[in-house]
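Structure data (mmCIF, C-alpha atoms (C1' of nucleotides)) from start-v3.cif:
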data_query
loop_
_atom_site.label_atom_id
_atom_site.label_comp_id
_atom_site.auth_asym_id
_atom_site.auth_seq_id
_atom_site.Cartn_x
_atom_site.Cartn_y
_atom_site.Cartn_z
CA MET A 10 3.78 -21.53 -20.01
CA ALA A 11 3.51 -21.24 -16.26
CA ARG A 12 3.50 -17.48 -16.14
CA ALA A 13 1.54 -16.12 -19.08
CA SER A 14 2.57 -12.68 -20.16
CA GLN A 15 -0.05 -10.19 -19.07
CA THR A 16 1.29 -7.81 -21.68
CA GLU A 17 -0.09 -10.03 -24.42
CA VAL A 18 -3.65 -9.44 -23.19
CA ALA A 19 -3.24 -5.68 -23.07
CA VAL A 20 -1.60 -5.53 -26.51
CA LEU A 21 -4.18 -7.74 -28.22
CA GLY A 22 -6.97 -5.91 -26.39
CA GLY A 23 -5.67 -2.55 -27.50
CA LEU A 24 -5.38 -3.66 -31.10
CA SER A 25 -8.90 -5.13 -30.92
CA VAL A 26 -10.19 -1.56 -30.63
CA GLN A 27 -8.25 -0.33 -33.66
CA PRO A 28 -4.96 -0.93 -35.50
CA MET A 29 -2.04 1.13 -34.17
CA THR A 30 1.71 1.53 -34.08
CA GLY A 31 3.62 0.37 -31.02
CA TYR A 32 4.02 3.95 -29.97
CA ALA A 33 0.29 4.69 -30.23
CA LEU A 34 -0.45 1.50 -28.33
CA ARG A 35 1.63 2.66 -25.43
CA GLU A 36 -0.04 6.07 -25.49
CA ALA A 37 -3.49 4.46 -25.55
CA ILE A 38 -2.69 2.13 -22.68
CA ARG A 39 -1.32 4.99 -20.61
CA ASP A 40 -4.20 7.38 -21.33
CA VAL A 41 -7.15 5.01 -21.42
CA LEU A 42 -6.19 2.04 -19.25
CA GLY A 43 -3.82 4.15 -17.17
CA HIS A 44 -5.76 3.98 -13.93
CA PHE A 45 -5.52 0.20 -13.73
CA TRP A 46 -2.84 -0.87 -16.20
CA SER A 47 0.57 0.11 -17.53
CA GLU A 48 3.00 -1.09 -20.17
CA SER A 49 6.49 0.00 -21.12
CA TYR A 50 8.19 -0.02 -24.53
CA GLY A 51 10.49 -2.69 -23.24
CA GLN A 52 7.47 -4.97 -23.10
CA ILE A 53 5.42 -3.75 -26.04
CA TYR A 54 7.90 -4.09 -28.89
CA PRO A 55 9.13 -7.61 -28.10
CA THR A 56 5.51 -8.69 -27.52
CA LEU A 57 4.38 -7.25 -30.86
CA ALA A 58 7.24 -9.06 -32.62
CA GLU A 59 6.34 -12.34 -30.94
CA LEU A 60 2.62 -11.95 -31.68
CA GLU A 61 3.46 -11.23 -35.32
CA ARG A 62 5.58 -14.36 -35.46
CA GLN A 63 2.65 -16.37 -34.15
CA GLY A 64 0.23 -14.79 -36.62
CA PHE A 65 -1.93 -13.07 -33.99
CA VAL A 66 -1.17 -9.60 -35.32
CA ARG A 67 -0.29 -8.39 -38.81
CA ARG A 68 2.22 -5.64 -39.58
CA GLU A 69 0.86 -3.18 -42.13
CA GLY A 70 2.29 -0.36 -44.19
CA ALA A 71 5.85 -0.06 -43.04
CA THR A 72 6.67 3.49 -44.13
CA ARG A 73 10.09 4.75 -45.18
CA THR A 74 10.69 5.93 -41.60
CA GLY A 75 10.26 2.44 -40.21
CA ALA A 76 6.86 3.20 -38.66
CA SER A 77 4.40 0.34 -39.09
CA THR A 78 0.83 -0.21 -37.98
CA PHE A 79 -0.23 -3.44 -36.30
CA ALA A 80 -3.68 -4.98 -36.71
CA ILE A 81 -5.20 -7.94 -34.89
CA THR A 82 -5.94 -11.01 -37.05
CA PRO A 83 -8.91 -13.43 -36.65
CA PRO A 84 -6.67 -15.97 -34.83
CA GLY A 85 -5.52 -13.04 -32.70
CA THR A 86 -9.10 -12.26 -31.70
CA ARG A 87 -9.64 -15.88 -30.70
CA ARG A 88 -6.37 -15.80 -28.78
CA LEU A 89 -7.55 -12.67 -26.94
CA GLN A 90 -10.79 -14.35 -25.89
CA GLU A 91 -8.82 -17.37 -24.73
CA LEU A 92 -6.49 -15.21 -22.65
CA LEU A 93 -9.34 -13.19 -21.16
CA ALA A 94 -11.04 -16.40 -20.06
CA GLN A 95 -7.98 -17.48 -18.08
CA PRO A 96 -8.03 -16.89 -14.32
CA VAL A 97 -7.13 -13.39 -13.19
CA GLN A 98 -3.48 -13.11 -12.25
CA VAL A 99 -3.11 -11.18 -9.03
CA THR A 100 -0.14 -8.85 -8.90
CA PRO A 101 1.54 -8.99 -5.48
CA PRO A 102 0.92 -5.74 -3.60
CA ARG A 103 3.71 -3.21 -3.17
CA ASN A 104 2.42 -0.06 -1.57
CA GLY A 105 5.30 2.26 -0.70
CA LEU A 106 3.08 4.62 1.29
CA MET A 107 1.84 1.84 3.57
CA LEU A 108 5.37 0.53 4.02
CA ARG A 109 6.46 3.96 5.24
CA LEU A 110 3.48 4.38 7.54
CA TYR A 111 3.99 0.93 9.02
CA PHE A 112 7.50 1.94 10.04
CA GLY A 113 6.22 5.46 10.70
CA ARG A 114 7.74 5.62 14.18
CA HIS A 115 11.16 5.93 12.51
CA LEU A 116 9.82 8.79 10.42
CA GLY A 117 7.78 10.73 12.96
CA PRO A 118 4.15 11.96 12.88
CA ALA A 119 4.91 15.16 10.96
CA ALA A 120 6.57 13.43 8.01
CA CYS A 121 3.78 10.85 7.97
CA ARG A 122 1.18 13.60 7.80
CA THR A 123 2.93 15.03 4.76
CA LEU A 124 2.77 11.64 3.09
CA VAL A 125 -0.92 11.18 3.87
CA GLN A 126 -1.65 14.71 2.73
CA GLN A 127 -0.01 13.88 -0.59
CA ALA A 128 -2.13 10.76 -0.87
CA LEU A 129 -5.25 12.83 -0.20
CA THR A 130 -4.37 15.29 -2.94
CA GLU A 131 -3.71 12.43 -5.34
CA ALA A 132 -7.09 10.89 -4.54
CA GLN A 133 -8.83 14.16 -5.25
CA ASP A 134 -6.96 14.59 -8.53
CA ALA A 135 -7.92 11.06 -9.44
CA LEU A 136 -11.61 11.82 -8.78
CA GLU A 137 -11.44 14.78 -11.14
CA ARG A 138 -9.84 12.67 -13.84
CA TYR A 139 -12.50 9.99 -13.39
CA ALA A 140 -15.23 12.60 -13.80
CA GLU A 141 -13.72 13.63 -17.13
CA ILE A 142 -13.31 10.05 -18.31
CA ARG A 143 -16.85 9.22 -17.26
CA ALA A 144 -18.28 12.20 -19.13
CA GLU A 145 -16.35 11.24 -22.25
CA ILE A 146 -17.47 7.60 -22.18
CA GLU A 147 -21.09 8.49 -21.43
CA GLY A 148 -21.05 10.83 -24.41
CA GLN A 149 -20.27 8.10 -26.91
CA ASP A 150 -22.40 5.24 -28.11
CA SER A 151 -20.13 2.21 -28.03
CA ALA A 152 -21.02 -1.41 -27.39
CA ASP A 153 -18.23 -1.40 -24.81
CA ARG A 154 -19.61 1.57 -22.91
CA GLU A 155 -21.07 -0.25 -19.90
CA TYR A 156 -17.90 -2.32 -19.47
CA TRP A 157 -15.69 0.72 -19.62
CA LEU A 158 -17.85 2.50 -17.04
CA LEU A 159 -17.44 -0.48 -14.74
CA THR A 160 -13.71 0.17 -14.53
CA VAL A 161 -14.26 3.91 -14.02
CA SER A 162 -16.67 3.13 -11.21
CA ALA A 163 -14.07 0.94 -9.54
CA GLY A 164 -11.60 3.81 -9.72
CA GLU A 165 -14.13 6.20 -8.21
CA HIS A 166 -14.95 3.89 -5.32
CA SER A 167 -11.27 3.34 -4.67
CA ALA A 168 -10.40 7.03 -4.80
CA ARG A 169 -13.25 7.98 -2.45
CA ALA A 170 -12.08 5.28 -0.06
CA ALA A 171 -8.55 6.68 -0.18
CA GLN A 172 -9.94 10.12 0.51
CA ALA A 173 -11.95 8.96 3.52
CA TRP A 174 -8.99 6.99 4.88
CA ALA A 175 -6.66 9.96 4.50
CA HIS A 176 -9.00 12.13 6.55
CA ASP A 177 -9.10 9.56 9.33
CA ALA A 178 -5.34 9.10 9.19
CA LEU A 179 -4.66 12.82 9.38
CA SER A 180 -6.73 13.03 12.58
CA THR A 181 -4.90 10.09 14.10
CA LEU A 182 -1.50 11.54 13.20
CA ALA A 183 -2.46 14.97 14.51
CA ALA A 184 -3.32 13.37 17.84
CA LEU A 185 0.00 11.51 17.87
CA ASP A 186 1.85 14.71 17.09
CA ASP A 187 0.08 16.55 19.93
CA ALA A 188 0.87 13.75 22.34
CA ALA A 189 4.54 13.90 21.37
CA GLY A 190 4.51 17.67 21.78
CA THR A 191 2.92 17.44 25.22
CA ARG A 192 5.42 14.84 26.35
CA ALA A 193 8.21 17.12 25.14
CA GLY A 194 6.89 19.91 27.34
CA ARG A 195 5.04 21.99 24.78
CA THR A 196 1.67 23.39 25.79
CA SER A 197 -1.08 22.63 23.28
CA MET B 2 21.25 4.79 -7.98
CA ALA B 3 18.23 5.88 -9.98
CA ARG B 4 15.93 3.12 -8.83
CA ALA B 5 16.44 2.33 -5.17
CA SER B 6 15.57 -1.21 -4.24
CA GLN B 7 12.30 -1.26 -2.39
CA THR B 8 13.27 -4.61 -0.93
CA GLU B 9 15.99 -2.94 1.11
CA VAL B 10 13.39 -0.90 3.02
CA ALA B 11 11.24 -3.91 3.81
CA VAL B 12 14.22 -6.02 4.91
CA LEU B 13 15.74 -3.35 7.15
CA GLY B 14 12.29 -2.50 8.49
CA GLY B 15 11.59 -6.12 9.33
CA LEU B 16 14.92 -6.54 11.09
CA SER B 17 14.30 -3.30 12.99
CA VAL B 18 11.48 -5.10 14.81
CA GLN B 19 13.65 -8.06 15.77
CA PRO B 20 16.58 -10.15 14.43
CA MET B 21 15.53 -13.01 12.18
CA THR B 22 16.65 -15.53 9.59
CA GLY B 23 15.91 -14.88 5.94
CA TYR B 24 13.19 -17.49 6.08
CA ALA B 25 11.50 -15.88 9.10
CA LEU B 26 11.76 -12.50 7.43
CA ARG B 27 9.82 -13.73 4.46
CA GLU B 28 7.19 -15.29 6.73
CA ALA B 29 6.87 -12.06 8.68
CA ILE B 30 6.52 -9.93 5.57
CA ARG B 31 3.88 -12.27 4.17
CA ASP B 32 1.89 -12.55 7.39
CA VAL B 33 2.21 -9.04 8.80
CA LEU B 34 2.80 -6.77 5.83
CA GLY B 35 1.01 -9.12 3.47
CA HIS B 36 -1.94 -6.86 2.67
CA PHE B 37 0.25 -4.14 1.23
CA TRP B 38 3.68 -5.69 0.62
CA SER B 39 5.36 -8.84 -0.63
CA GLU B 40 8.87 -10.17 -1.03
CA SER B 41 10.26 -13.34 -2.53
CA TYR B 42 13.31 -15.35 -1.54
CA GLY B 43 14.87 -14.36 -4.81
CA GLN B 44 14.96 -10.80 -3.48
CA ILE B 45 15.53 -11.38 0.21
CA TYR B 46 18.71 -13.45 0.20
CA PRO B 47 20.71 -11.33 -2.26
CA THR B 48 19.55 -8.20 -0.42
CA LEU B 49 20.64 -9.59 2.95
CA ALA B 50 24.05 -10.47 1.50
CA GLU B 51 24.44 -6.99 0.04
CA LEU B 52 23.31 -5.30 3.28
CA GLU B 53 25.79 -7.42 5.22
CA ARG B 54 28.58 -6.40 2.83
CA GLN B 55 27.69 -2.75 3.45
CA GLY B 56 27.56 -3.23 7.21
CA PHE B 57 23.86 -2.43 7.60
CA VAL B 58 23.04 -5.88 8.97
CA ARG B 59 25.14 -8.35 10.97
CA ARG B 60 25.02 -12.12 10.52
CA GLU B 61 24.86 -13.90 13.84
CA GLY B 62 25.16 -17.48 15.02
CA ALA B 63 25.54 -19.51 11.86
CA THR B 64 24.54 -22.97 13.13
CA ARG B 65 25.81 -26.26 11.77
CA THR B 66 22.77 -26.41 9.45
CA GLY B 67 23.73 -23.15 7.78
CA ALA B 68 20.90 -21.20 9.36
CA SER B 69 21.95 -17.73 10.48
CA THR B 70 20.14 -14.86 12.16
CA PHE B 71 20.45 -11.32 10.85
CA ALA B 72 20.33 -8.24 13.06
CA ILE B 73 20.20 -4.59 12.05
CA THR B 74 23.26 -2.50 13.01
CA PRO B 75 23.27 1.18 14.08
CA PRO B 76 24.34 2.29 10.58
CA GLY B 77 21.54 0.05 9.31
CA THR B 78 18.99 1.91 11.41
CA ARG B 79 20.23 5.22 10.04
CA ARG B 80 20.08 3.79 6.54
CA LEU B 81 16.47 2.71 7.16
CA GLN B 82 15.47 6.20 8.25
CA GLU B 83 17.20 7.62 5.21
CA LEU B 84 15.37 5.25 2.88
CA LEU B 85 12.00 5.88 4.56
CA ALA B 86 12.46 9.62 4.07
CA GLN B 87 12.89 9.19 0.32
CA PRO B 88 9.86 9.91 -1.86
CA VAL B 89 7.33 7.11 -2.13
CA GLN B 90 7.91 5.01 -5.21
CA VAL B 91 4.61 4.29 -6.92
CA THR B 92 4.30 0.82 -8.38
CA PRO B 93 2.59 0.99 -11.77
CA PRO B 94 -0.91 -0.48 -11.56
CA ARG B 95 -1.66 -3.90 -13.04
CA ASN B 96 -5.17 -4.99 -12.23
CA GLY B 97 -6.06 -8.15 -14.13
CA LEU B 98 -9.72 -7.96 -13.13
CA MET B 99 -10.13 -4.45 -14.55
CA LEU B 100 -8.32 -5.46 -17.73
CA ARG B 101 -10.80 -8.27 -18.25
CA LEU B 102 -13.82 -6.10 -17.49
CA TYR B 103 -12.61 -3.38 -19.84
CA PHE B 104 -12.57 -5.92 -22.66
CA GLY B 105 -15.63 -7.57 -21.11
CA ARG B 106 -17.60 -7.52 -24.37
CA HIS B 107 -15.31 -10.30 -25.63
CA LEU B 108 -16.06 -12.27 -22.48
CA GLY B 109 -19.81 -11.74 -22.07
CA PRO B 110 -21.86 -10.52 -19.09
CA ALA B 111 -22.12 -13.93 -17.43
CA ALA B 112 -18.37 -14.53 -17.23
CA CYS B 113 -17.88 -10.97 -16.02
CA ARG B 114 -20.40 -11.51 -13.26
CA THR B 115 -18.44 -14.54 -12.10
CA LEU B 116 -15.29 -12.44 -11.94
CA VAL B 117 -16.99 -9.66 -9.98
CA GLN B 118 -18.57 -12.20 -7.66
CA GLN B 119 -15.11 -13.57 -6.93
CA ALA B 120 -13.86 -10.08 -6.19
CA LEU B 121 -16.77 -9.56 -3.80
CA THR B 122 -15.95 -12.75 -1.92
CA GLU B 123 -12.30 -11.75 -1.72
CA ALA B 124 -13.24 -8.34 -0.33
CA GLN B 125 -15.35 -9.95 2.36
CA ASP B 126 -12.59 -12.39 3.28
CA ALA B 127 -10.19 -9.47 3.47
CA LEU B 128 -12.52 -7.63 5.86
CA GLU B 129 -12.56 -10.65 8.15
CA ARG B 130 -8.78 -10.85 8.12
CA TYR B 131 -8.53 -7.14 8.89
CA ALA B 132 -10.85 -7.56 11.87
CA GLU B 133 -8.53 -10.24 13.25
CA ILE B 134 -5.40 -8.20 12.64
CA ARG B 135 -7.01 -5.13 14.21
CA ALA B 136 -8.01 -7.07 17.31
CA GLU B 137 -4.51 -8.44 17.67
CA ILE B 138 -2.81 -5.06 17.32
CA GLU B 139 -5.26 -3.34 19.65
CA GLY B 140 -4.54 -6.00 22.26
CA GLN B 141 -0.85 -5.17 22.48
CA ASP B 142 0.88 -2.12 23.84
CA SER B 143 3.51 -1.22 21.28
CA ALA B 144 4.88 2.19 20.40
CA ASP B 145 4.14 1.29 16.78
CA ARG B 146 0.50 0.50 17.45
CA GLU B 147 -1.10 3.63 15.97
CA TYR B 148 1.05 3.40 12.84
CA TRP B 149 0.19 -0.24 12.30
CA LEU B 150 -3.52 0.52 12.72
CA LEU B 151 -3.20 3.18 10.05
CA THR B 152 -2.32 0.53 7.49
CA VAL B 153 -5.10 -1.75 8.68
CA SER B 154 -7.56 1.11 8.34
CA ALA B 155 -6.42 1.67 4.75
CA GLY B 156 -7.08 -1.98 4.02
CA GLU B 157 -10.52 -1.78 5.55
CA HIS B 158 -11.51 1.30 3.59
CA SER B 159 -10.23 -0.28 0.41
CA ALA B 160 -12.02 -3.58 1.00
CA ARG B 161 -15.32 -1.86 1.80
CA ALA B 162 -14.95 0.17 -1.39
CA ALA B 163 -14.35 -3.03 -3.36
CA GLN B 164 -17.44 -4.53 -1.78
CA ALA B 165 -19.64 -1.56 -2.65
CA TRP B 166 -18.29 -1.45 -6.20
CA ALA B 167 -18.89 -5.16 -6.69
CA HIS B 168 -22.54 -4.75 -5.69
CA ASP B 169 -23.00 -1.93 -8.20
CA ALA B 170 -21.19 -3.87 -10.89
CA LEU B 171 -23.29 -6.99 -10.37
CA SER B 172 -26.46 -4.93 -10.89
CA THR B 173 -25.08 -3.38 -14.05
CA LEU B 174 -24.00 -6.75 -15.43
CA ALA B 175 -27.34 -8.34 -14.55
CA ALA B 176 -29.09 -5.62 -16.55
CA LEU B 177 -26.72 -6.21 -19.48
CA ASP B 178 -27.37 -9.93 -19.31
CA ASP B 179 -31.15 -9.40 -19.30
CA ALA B 180 -30.90 -7.07 -22.26
CA ALA B 181 -28.90 -9.67 -24.17
CA GLY B 182 -31.41 -12.35 -23.24
CA THR B 183 -34.35 -10.22 -24.37
CA ARG B 184 -32.69 -9.44 -27.68
CA ALA B 185 -32.11 -13.16 -28.18
CA GLY B 186 -35.84 -13.81 -27.76
CA ARG B 187 -35.84 -15.24 -24.24
CA THR B 188 -38.71 -14.28 -21.97
CA SER B 189 -37.24 -13.28 -18.62
"C1'" DC C 28 12.12 -45.66 12.50
"C1'" DA C 29 9.83 -44.09 8.36
"C1'" DG C 30 7.21 -40.39 6.87
"C1'" DT C 31 5.55 -35.79 6.86
"C1'" DG C 32 5.69 -31.12 7.31
"C1'" DA C 33 8.05 -27.10 8.96
"C1'" DT C 34 12.42 -24.62 8.78
"C1'" DG C 35 16.14 -22.87 6.13
"C1'" DT C 36 19.37 -21.34 2.14
"C1'" DC C 37 20.00 -20.38 -2.45
"C1'" DT C 38 19.59 -20.24 -7.62
"C1'" DC C 39 17.47 -19.86 -12.19
"C1'" DT C 40 14.15 -18.30 -15.53
"C1'" DG C 41 11.62 -15.03 -17.34
"C1'" DG C 42 8.32 -11.04 -16.74
"C1'" DT C 43 8.60 -6.05 -16.03
"C1'" DA C 44 9.94 -0.84 -15.48
"C1'" DG C 45 12.35 2.94 -16.80
"C1'" DA C 46 15.85 5.21 -18.98
"C1'" DT C 47 18.11 6.08 -23.03
"C1'" DA C 48 19.88 6.13 -27.95
"C1'" DT C 49 18.50 7.15 -32.41
"C1'" DA C 50 15.96 9.08 -36.13
"C1'" DT C 51 12.21 11.43 -38.62
"C1'" DC C 52 8.45 14.57 -39.09
"C1'" DT C 53 5.91 18.88 -38.27
"C1'" DC C 54 5.14 23.21 -36.63
"C1'" DT C 55 6.60 27.72 -35.23
"C1'" DC C 56 9.06 31.72 -35.12
"C1'" DA C 57 12.91 34.63 -36.12
"C1'" DT D 12 15.03 29.94 -45.18
"C1'" DG D 13 16.34 27.49 -41.53
"C1'" DA D 14 17.00 26.64 -36.51
"C1'" DG D 15 14.84 24.65 -32.80
"C1'" DA D 16 11.23 22.37 -30.14
"C1'" DG D 17 8.36 18.82 -29.54
"C1'" DA D 18 5.70 14.92 -31.11
"C1'" DT D 19 6.10 10.41 -33.39
"C1'" DA D 20 8.41 6.09 -33.74
"C1'" DT D 21 11.49 1.92 -32.95
"C1'" DA D 22 14.49 -0.55 -30.22
"C1'" DT D 23 17.67 -1.99 -26.51
"C1'" DC D 24 19.89 -2.35 -21.93
"C1'" DT D 25 20.10 -2.59 -17.02
"C1'" DA D 26 18.27 -3.64 -12.98
"C1'" DC D 27 14.27 -5.03 -10.36
"C1'" DC D 28 11.32 -8.55 -9.14
"C1'" DA D 29 8.15 -13.09 -8.63
"C1'" DG D 30 7.77 -17.74 -8.46
"C1'" DA D 31 9.24 -22.13 -8.67
"C1'" DG D 32 12.07 -25.46 -7.26
"C1'" DA D 33 16.54 -27.86 -5.71
"C1'" DC D 34 18.53 -29.24 -1.68
"C1'" DA D 35 19.18 -30.05 3.21
"C1'" DT D 36 17.99 -30.45 8.23
"C1'" DC D 37 14.95 -30.84 12.07
"C1'" DA D 38 10.80 -32.05 14.96
"C1'" DC D 39 7.00 -34.60 15.58
"C1'" DT D 40 4.02 -38.68 15.08
"C1'" DG D 41 2.17 -43.04 14.10
#
As structure tokens, how would this structure be written, given the file I've shared?
Amino acid sequence: MARASQTEVAVLGGLSVQPMTGYALREAIRDVLGHFWSESYGQIYPTLAELERQGFVRREGATRTGASTFAITPPGTRRLQELLAQPVQVTPPRNGLMLRLYFGRHLGPAACRTLVQQALTEAQDALERYAEIRAEIEGQDSADREYWLLTVSAGEHSARAAQAWAHDALSTLAALDDAAGTRAGRTS
Amino acid sequence: MARASQTEVAVLGGLSVQPMTGYALREAIRDVLGHFWSESYGQIYPTLAELERQGFVRREGATRTGASTFAITPPGTRRLQELLAQPVQVTPPRNGLMLRLYFGRHLGPAACRTLVQQALTEAQDALERYAEIRAEIEGQDSADREYWLLTVSAGEHSARAAQAWAHDALSTLAALDDAAGTRAGRTS
DNA sequence: CAGTGATGTCTCTGGTAGATATATCTCTCA
DNA sequence: TGAGAGATATATCTACCAGAGACATCACTG
């Protein structure tokens, strides 16, 4: 197993919090882990089936509609700990914004400023979301609380950095735009 | 074409700097765009073949060894500008470190500290690399210079944020570890 | 001149994203 | 009552993508 499926960790981890359907699992991952993780149905359902086959999760209460809840089993919990202990798998970076800025000369300063402005807005939105998540976690008394706050803190640091960078970048691009304007004969 | 291939942008962008072989292209992307982009051979060669078929790149000088250089054509340059102008495609996040920290209770404070310590070291290494890249770009007189520095600046902000977060996180985890030790009867 | 490492092309496997097809359930409002 | 909207739920298909490795040549070096 050269490339372990990262999905397995997220699925077992999610079910370690509470039993859920595949649908609810996807919702939970999107809403709770959303700022650092994502899963699609195309991954979740096959993974659940495989984990069931291996005895790491148990399918419970298949209703008439076909909906069934999955729960983690004791071997599944051990499997989760085993997977968590494995070295972190780094996802290769693919930042579309940076790619566009790197070739920004083909795009022009104005279009680049729009892109950076969007990034700035996104960073600010992210900070607001983090504030809400932080308040919610701090309000509850879970054994996981400090760990969860660690990930929120990482998001906050990252978003503030994005914000600061965007400000710098907007200044730089404004200067570039002015220079281009001056060269083209415009005054100020 | 619902999902445009991101690889196409990187390949055309790379060839817009200078003509290269597929091998050199991959080297260039890894070394120059490496901190925000990555491509694999499995993407590059089929993409080059497809771009050649569409007339966006031209294959030049196939030597006896089979090595051939690719150059971007005028339609290719227009295609690049068209692709760059399309909305940024956000890659869904997949941060293995955060996933482990979120389920950190299953891992324990000590193991988490090791992970964060690794992240701290990586951030510091990244800062050193950025300093080198910055020096190199500032030394040359290219029309692209300001755009390239924009991406370096983003890396620097991000790495400093990671550094600051790691320091915070190490304190938090140390406190958790102490608390666990105290509960277990250890004296400091 | 054998060995090593860099250059170079290409393929195969399997992880992954995103859209979509299908169906049921629940609530609301006419 | 019943039509419709929207949430819940399962599952699949296509295309994108990473990583490893097979295979070959070339340049340098001991």
Polymer residues at most 10 Å from DT21 in chain D, only C-alpha atoms (C1' of nucleotides), same-chain spacing of 2 or more positions, as a ChimeraX atom specification: /A:30-32,50,54,74-77 /C:49-50 /D:23
Apply the PyMOL selection byres ((chain C) within 8 of (chain A)) to the structure shown and report the selected residues as an MDAnalysis selection string. chainID C and resid 42:45 51
In file coordinates, which residues lie within 9 Å of (-3.6, -4.8, 11.9) using all atoms listed in the file, given as a ChimeraX atom specification? /B:33,130-139,146,149-154
Which neighbours of range 179-190 of chain A fall inside 7 Å, counting all atoms listed in the file, when residues of the same chain fewer than 5 positions from it are skipped, and could you give them as a list in words? Pro118, Ala119, Arg122, Val125 and Arg195 of chain A
Care to translate the PyMOL selection byres ((chain D) within 12 of (chain B)) into actual residues of this file, as a PDB file with C-alpha atoms (C1' of nucleotides), keeping the file's coordinate frame?
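Result file follows (expr22.pdb):
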ATOM      1  C1'  DT D  25      20.100  -2.590 -17.020  1.00  0.00           C
ATOM      2  C1'  DA D  26      18.270  -3.640 -12.980  1.00  0.00           C
ATOM      3  C1'  DC D  27      14.270  -5.030 -10.360  1.00  0.00           C
ATOM      4  C1'  DC D  28      11.320  -8.550  -9.140  1.00  0.00           C
ATOM      5  C1'  DA D  29       8.150 -13.090  -8.630  1.00  0.00           C
ATOM      6  C1'  DG D  30       7.770 -17.740  -8.460  1.00  0.00           C
ATOM      7  C1'  DA D  31       9.240 -22.130  -8.670  1.00  0.00           C
ATOM      8  C1'  DG D  32      12.070 -25.460  -7.260  1.00  0.00           C
ATOM      9  C1'  DA D  35      19.180 -30.050   3.210  1.00  0.00           C
ATOM     10  C1'  DT D  36      17.990 -30.450   8.230  1.00  0.00           C
ATOM     11  C1'  DC D  37      14.950 -30.840  12.070  1.00  0.00           C
TER      12       DC D  37
END
For chain A, which of B:Arg95, B:Arg54, B:Arg27, B:Arg80 is the closest residue, counting all atoms listed in the file? B:Arg95
